[in-house]
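Everything below belongs to query-v8.pdb, which stores PDB, C-alpha atoms.
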ATOM      1  CA  MET B   1      11.609  -0.745 -17.494
ATOM      2  CA  SER B   2      10.135  -2.451 -14.477
ATOM      3  CA  ASN B   3       8.460   0.577 -12.943
ATOM      4  CA  GLU B   4       5.910   1.037 -15.665
ATOM      5  CA  TYR B   5       2.209   1.610 -15.152
ATOM      6  CA  ARG B   6      -0.323   2.053 -17.917
ATOM      7  CA  HIS B   7      -3.507   2.794 -16.003
ATOM      8  CA  ILE B   8      -3.549   4.366 -12.562
ATOM      9  CA  LEU B   9      -6.698   4.489 -10.470
ATOM     10  CA  VAL B  10      -6.874   7.142  -7.769
ATOM     11  CA  ALA B  11      -9.511   6.317  -5.174
ATOM     12  CA  VAL B  12     -10.605   9.344  -3.137
ATOM     13  CA  ASP B  13     -13.024   9.995  -0.287
ATOM     14  CA  LEU B  14     -13.704  13.636  -1.329
ATOM     15  CA  THR B  15     -12.223  15.044   1.883
ATOM     16  CA  LYS B  16      -9.440  17.618   1.599
ATOM     17  CA  ASP B  17      -6.987  14.703   1.768
ATOM     18  CA  SER B  18      -8.086  13.778  -1.753
ATOM     19  CA  HIS B  19      -5.917  16.569  -3.162
ATOM     20  CA  LYS B  20      -2.788  15.111  -1.596
ATOM     21  CA  VAL B  21      -3.591  11.634  -2.905
ATOM     22  CA  LEU B  22      -4.239  12.918  -6.429
ATOM     23  CA  GLU B  23      -1.135  15.110  -6.343
ATOM     24  CA  ARG B  24       0.973  12.110  -5.449
ATOM     25  CA  ALA B  25      -0.504  10.121  -8.331
ATOM     26  CA  LEU B  26      -0.211  12.801 -11.030
ATOM     27  CA  PRO B  27       3.580  12.765 -11.498
ATOM     28  CA  ILE B  28       3.548   8.955 -11.533
ATOM     29  CA  ALA B  29       0.969   9.039 -14.319
ATOM     30  CA  GLU B  30       2.894  11.695 -16.199
ATOM     31  CA  ARG B  31       6.192   9.871 -15.942
ATOM     32  CA  ASN B  32       4.608   6.631 -17.151
ATOM     33  CA  GLN B  33       2.394   8.377 -19.713
ATOM     34  CA  ALA B  34      -0.350   6.382 -18.041
ATOM     35  CA  LYS B  35      -4.076   6.922 -18.149
ATOM     36  CA  LEU B  36      -5.327   8.296 -14.833
ATOM     37  CA  SER B  37      -8.817   7.533 -13.585
ATOM     38  CA  ILE B  38     -10.257   8.966 -10.384
ATOM     39  CA  MET B  39     -13.057   7.347  -8.461
ATOM     40  CA  HIS B  40     -15.234   7.985  -5.471
ATOM     41  CA  THR B  41     -17.435   5.300  -4.005
ATOM     42  CA  LEU B  42     -20.740   6.193  -2.386
ATOM     43  CA  GLU B  43     -22.132   3.658   0.012
ATOM     44  CA  PRO B  44     -25.681   2.845  -1.018
ATOM     45  CA  LEU B  45     -28.199   4.951   0.854
ATOM     46  CA  GLY B  46     -30.024   2.837   3.389
ATOM     47  CA  PHE B  47     -27.022   0.594   3.890
ATOM     48  CA  ALA B  48     -26.503   2.001   7.377
ATOM     49  CA  TYR B  49     -30.107   1.117   8.189
ATOM     50  CA  GLY B  50     -29.771  -2.519   7.201
ATOM     51  CA  GLY B  51     -30.943  -1.791   3.677
ATOM     52  CA  ASP B  52     -34.579  -2.298   4.545
ATOM     53  CA  ILE B  53     -36.320   1.067   4.514
ATOM     54  CA  PRO B  54     -39.995   1.398   3.476
ATOM     55  CA  MET B  55     -39.309   4.397   1.227
ATOM     56  CA  ASP B  56     -38.198   4.967  -2.314
ATOM     57  CA  LEU B  57     -34.763   6.466  -1.917
ATOM     58  CA  THR B  58     -33.976   6.653  -5.623
ATOM     59  CA  SER B  59     -34.284  10.409  -6.035
ATOM     60  CA  ILE B  60     -32.292  11.099  -2.879
ATOM     61  CA  GLN B  61     -29.607   8.681  -4.075
ATOM     62  CA  ASP B  62     -29.539  10.541  -7.399
ATOM     63  CA  GLN B  63     -29.071  13.864  -5.626
ATOM     64  CA  LEU B  64     -26.239  12.477  -3.503
ATOM     65  CA  ASP B  65     -24.707  11.063  -6.643
ATOM     66  CA  ASP B  66     -24.827  14.449  -8.390
ATOM     67  CA  HIS B  67     -23.366  16.143  -5.357
ATOM     68  CA  ALA B  68     -20.495  13.645  -5.256
ATOM     69  CA  LYS B  69     -19.855  14.113  -8.994
ATOM     70  CA  GLN B  70     -19.589  17.867  -8.463
ATOM     71  CA  ARG B  71     -17.179  17.513  -5.571
ATOM     72  CA  LEU B  72     -15.095  15.008  -7.536
ATOM     73  CA  ALA B  73     -14.955  17.448 -10.467
ATOM     74  CA  GLU B  74     -13.747  20.206  -8.121
ATOM     75  CA  ILE B  75     -10.832  17.965  -7.176
ATOM     76  CA  ALA B  76     -10.095  16.500 -10.622
ATOM     77  CA  ASP B  77     -10.824  19.349 -13.069
ATOM     78  CA  PRO B  78      -7.980  21.650 -11.941
ATOM     79  CA  HIS B  79      -5.580  18.817 -12.780
ATOM     80  CA  GLN B  80      -7.017  18.222 -16.242
ATOM     81  CA  VAL B  81      -8.409  14.799 -15.453
ATOM     82  CA  PRO B  82     -10.904  14.326 -18.307
ATOM     83  CA  LYS B  83     -14.585  14.058 -17.317
ATOM     84  CA  GLU B  84     -14.798  10.575 -18.775
ATOM     85  CA  ASN B  85     -12.088   9.443 -16.351
ATOM     86  CA  GLN B  86     -14.020  10.740 -13.317
ATOM     87  CA  HIS B  87     -16.201   8.072 -11.730
ATOM     88  CA  VAL B  88     -18.732   8.078  -8.934
ATOM     89  CA  VAL B  89     -19.840   4.552  -8.148
ATOM     90  CA  VAL B  90     -22.409   3.326  -5.653
ATOM     91  CA  GLY B  91     -21.265   0.335  -3.631
ATOM     92  CA  MET B  92     -18.734  -0.772  -1.046
ATOM     93  CA  PRO B  93     -15.363   0.919  -1.598
ATOM     94  CA  ASP B  94     -13.052  -2.105  -1.752
ATOM     95  CA  THR B  95     -15.414  -4.151  -3.898
ATOM     96  CA  GLU B  96     -15.993  -1.347  -6.386
ATOM     97  CA  ILE B  97     -12.337  -0.340  -6.514
ATOM     98  CA  HIS B  98     -11.270  -3.933  -7.193
ATOM     99  CA  ARG B  99     -14.017  -4.413  -9.763
ATOM    100  CA  PHE B 100     -13.056  -1.233 -11.613
ATOM    101  CA  ALA B 101      -9.367  -2.140 -11.442
ATOM    102  CA  GLU B 102      -9.932  -5.575 -12.923
ATOM    103  CA  GLU B 103     -12.364  -4.445 -15.602
ATOM    104  CA  HIS B 104     -10.128  -1.583 -16.731
ATOM    105  CA  ASP B 105      -6.695  -3.214 -16.458
ATOM    106  CA  VAL B 106      -5.532  -0.894 -13.705
ATOM    107  CA  ASP B 107      -1.974  -1.671 -12.668
ATOM    108  CA  LEU B 108      -1.609   0.801  -9.808
ATOM    109  CA  ILE B 109      -4.230   1.869  -7.287
ATOM    110  CA  VAL B 110      -3.413   5.017  -5.300
ATOM    111  CA  VAL B 111      -5.373   5.506  -2.104
ATOM    112  CA  GLY B 112      -5.119   7.625   1.039
ATOM    113  CA  SER B 113      -4.017   5.971   4.250
ATOM    114  CA  HIS B 114      -4.653   7.244   7.754
ATOM    115  CA  GLY B 115      -2.054   5.154   9.526
ATOM    116  CA  ARG B 116      -4.545   4.097  12.141
ATOM    117  CA  HIS B 117      -3.794   2.131  15.244
ATOM    118  CA  GLY B 118      -5.813   0.086  17.669
ATOM    119  CA  PHE B 119      -9.558   0.346  17.635
ATOM    120  CA  ALA B 120      -9.835   2.261  14.365
ATOM    121  CA  LEU B 121      -7.826  -0.529  12.804
ATOM    122  CA  LEU B 122     -10.462  -3.066  13.800
ATOM    123  CA  LEU B 123     -13.098  -0.962  12.113
ATOM    124  CA  GLY B 124     -11.144  -1.288   8.927
ATOM    125  CA  SER B 125     -10.180   1.431   6.524
ATOM    126  CA  THR B 126     -10.416   1.816   2.801
ATOM    127  CA  SER B 127      -6.672   1.546   2.275
ATOM    128  CA  THR B 128      -6.315  -1.832   3.971
ATOM    129  CA  GLY B 129      -9.536  -3.030   2.353
ATOM    130  CA  VAL B 130      -8.137  -2.063  -1.028
ATOM    131  CA  LEU B 131      -4.862  -3.801  -0.346
ATOM    132  CA  HIS B 132      -6.692  -7.011   0.583
ATOM    133  CA  GLY B 133      -7.206  -8.901  -2.608
ATOM    134  CA  ALA B 134      -5.876  -6.244  -4.980
ATOM    135  CA  GLN B 135      -4.465  -7.865  -8.101
ATOM    136  CA  CYS B 136      -2.137  -4.963  -8.815
ATOM    137  CA  ASP B 137       0.239  -2.623  -6.998
ATOM    138  CA  VAL B 138      -1.225  -0.338  -4.351
ATOM    139  CA  LEU B 139       0.333   2.934  -3.219
ATOM    140  CA  ALA B 140      -1.073   4.058   0.115
ATOM    141  CA  VAL B 141      -0.400   7.771   0.519
ATOM    142  CA  ARG B 142      -0.155   8.827   4.124
ATOM    143  CA  VAL B 143      -2.615  11.644   4.761
ATOM    144  CA  GLY B 144      -3.220  13.672   7.889
ATOM    145  CA  LYS B 145      -0.402  14.887  10.073
ATOM    146  CA  LYS B 146       2.075  12.508  11.622
ATOM    147  CA  GLY B 147       0.604  10.773  14.634
ATOM    148  CA  GLU B 148      -2.761  12.440  14.100
ATOM    149  CA  GLU B 149      -6.071  10.999  12.968
ATOM    150  CA  SER B 150      -7.414  12.692   9.887
ATOM    151  CA  ASP B 151     -11.055  13.080   8.951
ATOM    152  CA  GLU B 152     -12.419  10.519   6.521
TER     153      GLU B 152
ATOM    154  CA  MET R   1       7.877  18.395  -6.349
ATOM    155  CA  SER R   2       5.279  16.497  -4.395
ATOM    156  CA  ASN R   3       6.482  13.024  -5.309
ATOM    157  CA  GLU R   4       9.735  13.229  -3.432
ATOM    158  CA  TYR R   5      11.148  10.566  -1.180
ATOM    159  CA  ARG R   6      14.429  10.813   0.664
ATOM    160  CA  HIS R   7      14.692   7.411   2.308
ATOM    161  CA  ILE R   8      13.049   4.287   0.939
ATOM    162  CA  LEU R   9      12.843   1.107   2.975
ATOM    163  CA  VAL R  10      12.374  -2.128   1.059
ATOM    164  CA  ALA R  11      11.075  -4.901   3.292
ATOM    165  CA  VAL R  12      11.660  -8.370   1.865
ATOM    166  CA  ASP R  13      10.870 -11.920   2.910
ATOM    167  CA  LEU R  14      13.899 -13.432   1.067
ATOM    168  CA  THR R  15      11.713 -15.478  -1.311
ATOM    169  CA  LYS R  16      12.225 -15.038  -5.049
ATOM    170  CA  ASP R  17       9.515 -12.342  -4.896
ATOM    171  CA  SER R  18      12.043 -10.149  -3.113
ATOM    172  CA  HIS R  19      13.736  -9.419  -6.446
ATOM    173  CA  LYS R  20      10.549  -7.994  -7.912
ATOM    174  CA  VAL R  21       9.931  -5.821  -4.852
ATOM    175  CA  LEU R  22      13.490  -4.475  -4.894
ATOM    176  CA  GLU R  23      13.384  -3.920  -8.654
ATOM    177  CA  ARG R  24      10.230  -1.854  -8.289
ATOM    178  CA  ALA R  25      11.862   0.262  -5.576
ATOM    179  CA  LEU R  26      15.190   0.876  -7.331
ATOM    180  CA  PRO R  27      13.982   3.299 -10.043
ATOM    181  CA  ILE R  28      11.950   5.215  -7.458
ATOM    182  CA  ALA R  29      15.077   5.612  -5.354
ATOM    183  CA  GLU R  30      17.144   6.595  -8.365
ATOM    184  CA  ARG R  31      14.621   9.148  -9.580
ATOM    185  CA  ASN R  32      14.387  10.711  -6.137
ATOM    186  CA  GLN R  33      18.113  10.317  -5.430
ATOM    187  CA  ALA R  34      16.904   8.712  -2.233
ATOM    188  CA  LYS R  35      18.749   6.480   0.160
ATOM    189  CA  LEU R  36      17.575   2.881  -0.160
ATOM    190  CA  SER R  37      17.641   0.518   2.783
ATOM    191  CA  ILE R  38      16.653  -3.128   2.552
ATOM    192  CA  MET R  39      15.485  -5.151   5.525
ATOM    193  CA  HIS R  40      14.488  -8.663   6.387
ATOM    194  CA  THR R  41      12.847  -9.516   9.660
ATOM    195  CA  LEU R  42      13.453 -12.857  11.316
ATOM    196  CA  GLU R  43      10.862 -13.971  13.794
ATOM    197  CA  PRO R  44      12.573 -14.832  17.060
ATOM    198  CA  LEU R  45      13.373 -18.511  17.291
ATOM    199  CA  GLY R  46      11.080 -20.150  19.792
ATOM    200  CA  PHE R  47       8.261 -17.738  19.031
ATOM    201  CA  ALA R  48       6.286 -20.521  17.369
ATOM    202  CA  TYR R  49       6.667 -22.571  20.564
ATOM    203  CA  GLY R  50       5.309 -19.920  22.863
ATOM    204  CA  GLY R  51       8.758 -18.556  23.570
ATOM    205  CA  ASP R  52       9.307 -20.875  26.499
ATOM    206  CA  ILE R  53      11.872 -23.474  25.492
ATOM    207  CA  PRO R  54      14.281 -24.923  28.081
ATOM    208  CA  MET R  55      17.301 -24.564  25.785
ATOM    209  CA  ASP R  56      19.785 -21.897  24.924
ATOM    210  CA  LEU R  57      18.913 -21.025  21.361
ATOM    211  CA  THR R  58      21.412 -18.212  21.039
ATOM    212  CA  SER R  59      23.881 -19.986  18.795
ATOM    213  CA  ILE R  60      21.124 -21.343  16.549
ATOM    214  CA  GLN R  61      19.622 -17.851  16.336
ATOM    215  CA  ASP R  62      23.055 -16.525  15.360
ATOM    216  CA  GLN R  63      23.353 -19.120  12.605
ATOM    217  CA  LEU R  64      19.906 -18.278  11.242
ATOM    218  CA  ASP R  65      20.835 -14.648  11.398
ATOM    219  CA  ASP R  66      24.021 -15.223   9.398
ATOM    220  CA  HIS R  67      22.129 -17.300   6.867
ATOM    221  CA  ALA R  68      19.532 -14.539   6.420
ATOM    222  CA  LYS R  69      22.273 -11.927   6.024
ATOM    223  CA  GLN R  70      23.833 -14.014   3.257
ATOM    224  CA  ARG R  71      20.556 -14.426   1.429
ATOM    225  CA  LEU R  72      19.783 -10.729   1.780
ATOM    226  CA  ALA R  73      23.210  -9.909   0.355
ATOM    227  CA  GLU R  74      22.528 -12.193  -2.629
ATOM    228  CA  ILE R  75      19.446 -10.093  -3.371
ATOM    229  CA  ALA R  76      20.866  -6.666  -2.583
ATOM    230  CA  ASP R  77      24.514  -6.846  -3.710
ATOM    231  CA  PRO R  78      23.809  -7.183  -7.467
ATOM    232  CA  HIS R  79      21.916  -3.874  -7.251
ATOM    233  CA  GLN R  80      24.720  -2.078  -5.431
ATOM    234  CA  VAL R  81      22.818  -1.653  -2.196
ATOM    235  CA  PRO R  82      25.663  -0.871   0.223
ATOM    236  CA  LYS R  83      26.265  -3.391   3.013
ATOM    237  CA  GLU R  84      25.515  -0.788   5.674
ATOM    238  CA  ASN R  85      22.029  -0.390   4.177
ATOM    239  CA  GLN R  86      21.280  -4.125   4.438
ATOM    240  CA  HIS R  87      19.534  -5.039   7.680
ATOM    241  CA  VAL R  88      18.497  -8.318   9.251
ATOM    242  CA  VAL R  89      16.429  -7.691  12.356
ATOM    243  CA  VAL R  90      14.951 -10.160  14.815
ATOM    244  CA  GLY R  91      11.358  -9.390  15.763
ATOM    245  CA  MET R  92       7.835  -9.168  14.388
ATOM    246  CA  PRO R  93       7.828  -7.787  10.834
ATOM    247  CA  ASP R  94       5.342  -4.888  11.187
ATOM    248  CA  THR R  95       6.758  -3.740  14.512
ATOM    249  CA  GLU R  96      10.341  -3.804  13.307
ATOM    250  CA  ILE R  97       9.543  -2.197   9.952
ATOM    251  CA  HIS R  98       7.645   0.632  11.649
ATOM    252  CA  ARG R  99      10.364   1.070  14.244
ATOM    253  CA  PHE R 100      13.089   1.247  11.594
ATOM    254  CA  ALA R 101      10.986   3.616   9.471
ATOM    255  CA  GLU R 102      10.422   6.021  12.331
ATOM    256  CA  GLU R 103      13.988   5.905  13.642
ATOM    257  CA  HIS R 104      15.485   6.458  10.183
ATOM    258  CA  ASP R 105      13.024   8.983   8.728
ATOM    259  CA  VAL R 106      11.807   6.614   6.048
ATOM    260  CA  ASP R 107       9.186   8.265   3.851
ATOM    261  CA  LEU R 108       8.296   5.293   1.649
ATOM    262  CA  ILE R 109       8.079   1.639   2.603
ATOM    263  CA  VAL R 110       8.021  -0.828  -0.303
ATOM    264  CA  VAL R 111       6.721  -4.283   0.492
ATOM    265  CA  GLY R 112       5.464  -7.310  -1.432
ATOM    266  CA  SER R 113       1.758  -8.034  -1.458
ATOM    267  CA  HIS R 114       0.110 -11.354  -2.240
ATOM    268  CA  GLY R 115      -3.403 -10.100  -2.926
ATOM    269  CA  ARG R 116      -4.900 -12.666  -0.612
ATOM    270  CA  HIS R 117      -8.568 -13.348  -0.158
ATOM    271  CA  GLY R 118     -10.687 -15.022   2.476
ATOM    272  CA  PHE R 119      -9.036 -17.184   5.074
ATOM    273  CA  ALA R 120      -5.472 -16.142   4.334
ATOM    274  CA  LEU R 121      -6.628 -12.579   4.852
ATOM    275  CA  LEU R 122      -7.708 -13.368   8.394
ATOM    276  CA  LEU R 123      -4.276 -14.749   9.118
ATOM    277  CA  GLY R 124      -2.875 -11.393   8.151
ATOM    278  CA  SER R 125       0.042 -10.665   5.888
ATOM    279  CA  THR R 126       3.066  -8.472   6.160
ATOM    280  CA  SER R 127       1.801  -5.931   3.646
ATOM    281  CA  THR R 128      -1.429  -5.180   5.489
ATOM    282  CA  GLY R 129       0.392  -5.297   8.812
ATOM    283  CA  VAL R 130       2.862  -2.739   7.494
ATOM    284  CA  LEU R 131       0.093  -0.517   6.194
ATOM    285  CA  HIS R 132      -1.629  -0.520   9.580
ATOM    286  CA  GLY R 133      -0.097   2.256  11.541
ATOM    287  CA  ALA R 134       2.592   3.255   9.027
ATOM    288  CA  GLN R 135       3.433   6.929   9.384
ATOM    289  CA  CYS R 136       4.602   7.235   5.799
ATOM    290  CA  ASP R 137       3.616   6.148   2.293
ATOM    291  CA  VAL R 138       3.517   2.430   1.585
ATOM    292  CA  LEU R 139       3.859   0.886  -1.869
ATOM    293  CA  ALA R 140       2.576  -2.675  -1.923
ATOM    294  CA  VAL R 141       4.037  -4.441  -4.952
ATOM    295  CA  ARG R 142       1.852  -7.257  -6.215
ATOM    296  CA  VAL R 143       3.912 -10.430  -6.341
ATOM    297  CA  GLY R 144       2.993 -13.890  -7.592
ATOM    298  CA  LYS R 145       0.940 -14.401 -10.711
ATOM    299  CA  LYS R 146      -2.505 -12.876 -11.077
ATOM    300  CA  GLY R 147      -5.081 -14.852  -9.128
ATOM    301  CA  GLU R 148      -2.412 -17.153  -7.739
ATOM    302  CA  GLU R 149      -1.075 -17.537  -4.236
ATOM    303  CA  SER R 150       2.645 -17.047  -4.062
ATOM    304  CA  ASP R 151       5.015 -18.619  -1.574
ATOM    305  CA  GLU R 152       5.945 -16.478   1.357
TER     306      GLU R 152
END
Whole structure given in structure tokens:
Amino acid sequence: MSNEYRHILVAVDLTKDSHKVLERALPIAERNQAKLSIMHTLEPLGFAYGGDIPMDLTSIQDQLDDHAKQRLAEIADPHQVPKENQHVVVGMPDTEIHRFAEEHDVDLIVVGSHGRHGFALLLGSTSTGVLHGAQCDVLAVRVGKKGEESDE
Amino acid sequence: MSNEYRHILVAVDLTKDSHKVLERALPIAERNQAKLSIMHTLEPLGFAYGGDIPMDLTSIQDQLDDHAKQRLAEIADPHQVPKENQHVVVGMPDTEIHRFAEEHDVDLIVVGSHGRHGFALLLGSTSTGVLHGAQCDVLAVRVGKKGEESDE
């Protein structure tokens, strides 16, 4: 059957929209008896400051990491996504999502999409970044109300 | 059930990749008992010349239109997509796809994706154009071999 996926990667931003994205992916995984991995990408601390800060940010990064893992678990645990399939990765979202997808033979990436227009489009969004250069199928799940910008 | 679509729009470029895109959409439509529409967008003749040609291109446009309709039928007919659900539209792909989607309450757009990198990415592609500003889910089906550019 042509519509068969073996490993589905759900990329979430930990906002409330993450539930909708995961809930769209779950029946696809079930139907295909596919492995489902869920991932959140944390931008490296200091990135917004040009990456050149005269401080050791390691322990703060660790705390942020733990916090993100907890929030990811709150989203994934109720849907029985095993802990070992829950990933918090530090890096740029598209790069890390593509890297994970290639290293783990992901054949479908599911990501939220905000349907942005105009200026926001120039700023880029994770969903279009993920689509660029993805070597597998990508399902962009529309989040936020129709015609409305959602929080990211 | 959360994974429910009522009207699926398959946007194709009439290359051989179109078969793969349609074949990915068909089981989704079947499972959801959704209406499936298929669409090809023809850029207006003369667009590549700045749109200012001192000739009447109407009859040539009509011929191109007929040719596209025939090719679309060759793709869609074997899968029992009814004629009234086969559309050839003149215009810019993203604009026309979004317009059709909004006017016909499409809740999933299925489009081919070439997984382009670098320069080709700057030129834009239909799949990212469709994702920008889409008010519904978008499934980008990876076409062409892994790591290879496909014809468009």
For atom CA of Asp65 of chain B and atom CA of Val88 of chain B, the interatomic separation in Å (one decimal):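 Calculated distance between atom CA of Asp65 of chain B and atom CA of Val88 of chain B is 7.1 Å.
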If we count only C-alpha atoms, what is near Gln70 of chain R at a cut-off of 12 Å, once residues fewer than 4 positions away on the same chain are taken out, given as a PDB file with C-alpha atoms, in the coordinates of the input?
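The result, stored in part.pdb:
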ATOM      1  CA  LEU R  14      13.899 -13.432   1.067  1.00  0.00           C
ATOM      2  CA  HIS R  40      14.488  -8.663   6.387  1.00  0.00           C
ATOM      3  CA  GLN R  63      23.353 -19.120  12.605  1.00  0.00           C
ATOM      4  CA  LEU R  64      19.906 -18.278  11.242  1.00  0.00           C
ATOM      5  CA  ASP R  65      20.835 -14.648  11.398  1.00  0.00           C
ATOM      6  CA  ASP R  66      24.021 -15.223   9.398  1.00  0.00           C
ATOM      7  CA  GLU R  74      22.528 -12.193  -2.629  1.00  0.00           C
ATOM      8  CA  ILE R  75      19.446 -10.093  -3.371  1.00  0.00           C
ATOM      9  CA  ALA R  76      20.866  -6.666  -2.583  1.00  0.00           C
ATOM     10  CA  ASP R  77      24.514  -6.846  -3.710  1.00  0.00           C
ATOM     11  CA  LYS R  83      26.265  -3.391   3.013  1.00  0.00           C
ATOM     12  CA  GLN R  86      21.280  -4.125   4.438  1.00  0.00           C
ATOM     13  CA  HIS R  87      19.534  -5.039   7.680  1.00  0.00           C
ATOM     14  CA  VAL R  88      18.497  -8.318   9.251  1.00  0.00           C
TER      15      VAL R  88
END
Answer key for the PyMOL selection byres ((chain B and resi 94) around 7), residues as a ChimeraX atom specification: /B:92-93,95-98,126,129-130
Save out the residues we just selected, C-alpha atoms, as a PDB file, in the coordinates of the input.
ATOM      1  CA  MET B  92     -18.734  -0.772  -1.046  1.00  0.00           C
ATOM      2  CA  PRO B  93     -15.363   0.919  -1.598  1.00  0.00           C
ATOM      3  CA  THR B  95     -15.414  -4.151  -3.898  1.00  0.00           C
ATOM      4  CA  GLU B  96     -15.993  -1.347  -6.386  1.00  0.00           C
ATOM      5  CA  ILE B  97     -12.337  -0.340  -6.514  1.00  0.00           C
ATOM      6  CA  HIS B  98     -11.270  -3.933  -7.193  1.00  0.00           C
ATOM      7  CA  THR B 126     -10.416   1.816   2.801  1.00  0.00           C
ATOM      8  CA  GLY B 129      -9.536  -3.030   2.353  1.00  0.00           C
ATOM      9  CA  VAL B 130      -8.137  -2.063  -1.028  1.00  0.00           C
TER      10      VAL B 130
END
Of the listed residues R:Asp62, R:Glu4, R:Glu43, R:Asp13, that which approaches chain B most closely, counting all atoms listed in the file: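 Using all atoms listed in the file, chain B sits closest to R:Glu4.
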For atom CA of Thr41 of chain R and atom CA of His104 of chain R, the interatomic separation in Å (one decimal):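 Result for atom CA of Thr41 of chain R versus atom CA of His104 of chain R: 16.2 Å, one decimal.
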d(atom CA of Ser127 of chain R, atom CA of Asn85 of chain B) in Å: 28.8 Å
Residues matched by the PyMOL selection byres ((chain B and resi 101) around 10) as number ranges by chain: B: 7-9, 37, 95-100, 102-109, 134-136
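Remark: for Arg24 of chain B, the closest of the candidate residues B:Ala11, B:Leu36, B:Val110, B:Val138 is B:Val110 (distances computed over only C-alpha atoms).
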Residues within 6 Å of (4.0, 9.8, 0.2), file coords, all atoms listed in the file, listed as a list in words: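 Nearby residues: Val141 and Arg142 of chain B; Asp137 of chain R.
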Hits of the PyMOL selection byres ((chain R and resi 23) around 12) in this structure, as a PyMOL selection string: (chain B and resi 1-4) or (chain R and resi 10+12+16-22+24-30+36+38+75-76+78-81+110-112+141+143)
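Of the listed residues (R:His67, R:Arg6, R:Lys35, R:His114), R:His114 comes nearest to chain B; the distances count all atoms listed in the file.
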Top pick for closest residue to chain B, considering R:Met39, R:Val89, R:Leu131, R:Ala73 and counting only C-alpha atoms: R:Leu131
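Restricting the calculation to only C-alpha atoms, the smallest distance between chain R and any of B:Thr15, B:Ala34, B:Leu72, B:Tyr5 is found for B:Tyr5.
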Using all atoms of segment 74-92 of chain B that appear in the file, construct an axis-aligned enclosing box with 4 Å of padding on every side and provide its centre coordinates and edge lengths in Å, rounded to one decimal, as lines of an AutoDock Vina configuration file.
center_x = -14.0
center_y = 10.4
center_z = -9.9
size_x = 24.8
size_y = 30.4
size_z = 25.7
Which of R:Arg31, R:Gly91, R:Thr128, R:Pro82 sits closest to Leu45 of chain R [using all atoms listed in the file]: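 Using all atoms listed in the file, Leu45 of chain R sits closest to R:Gly91.
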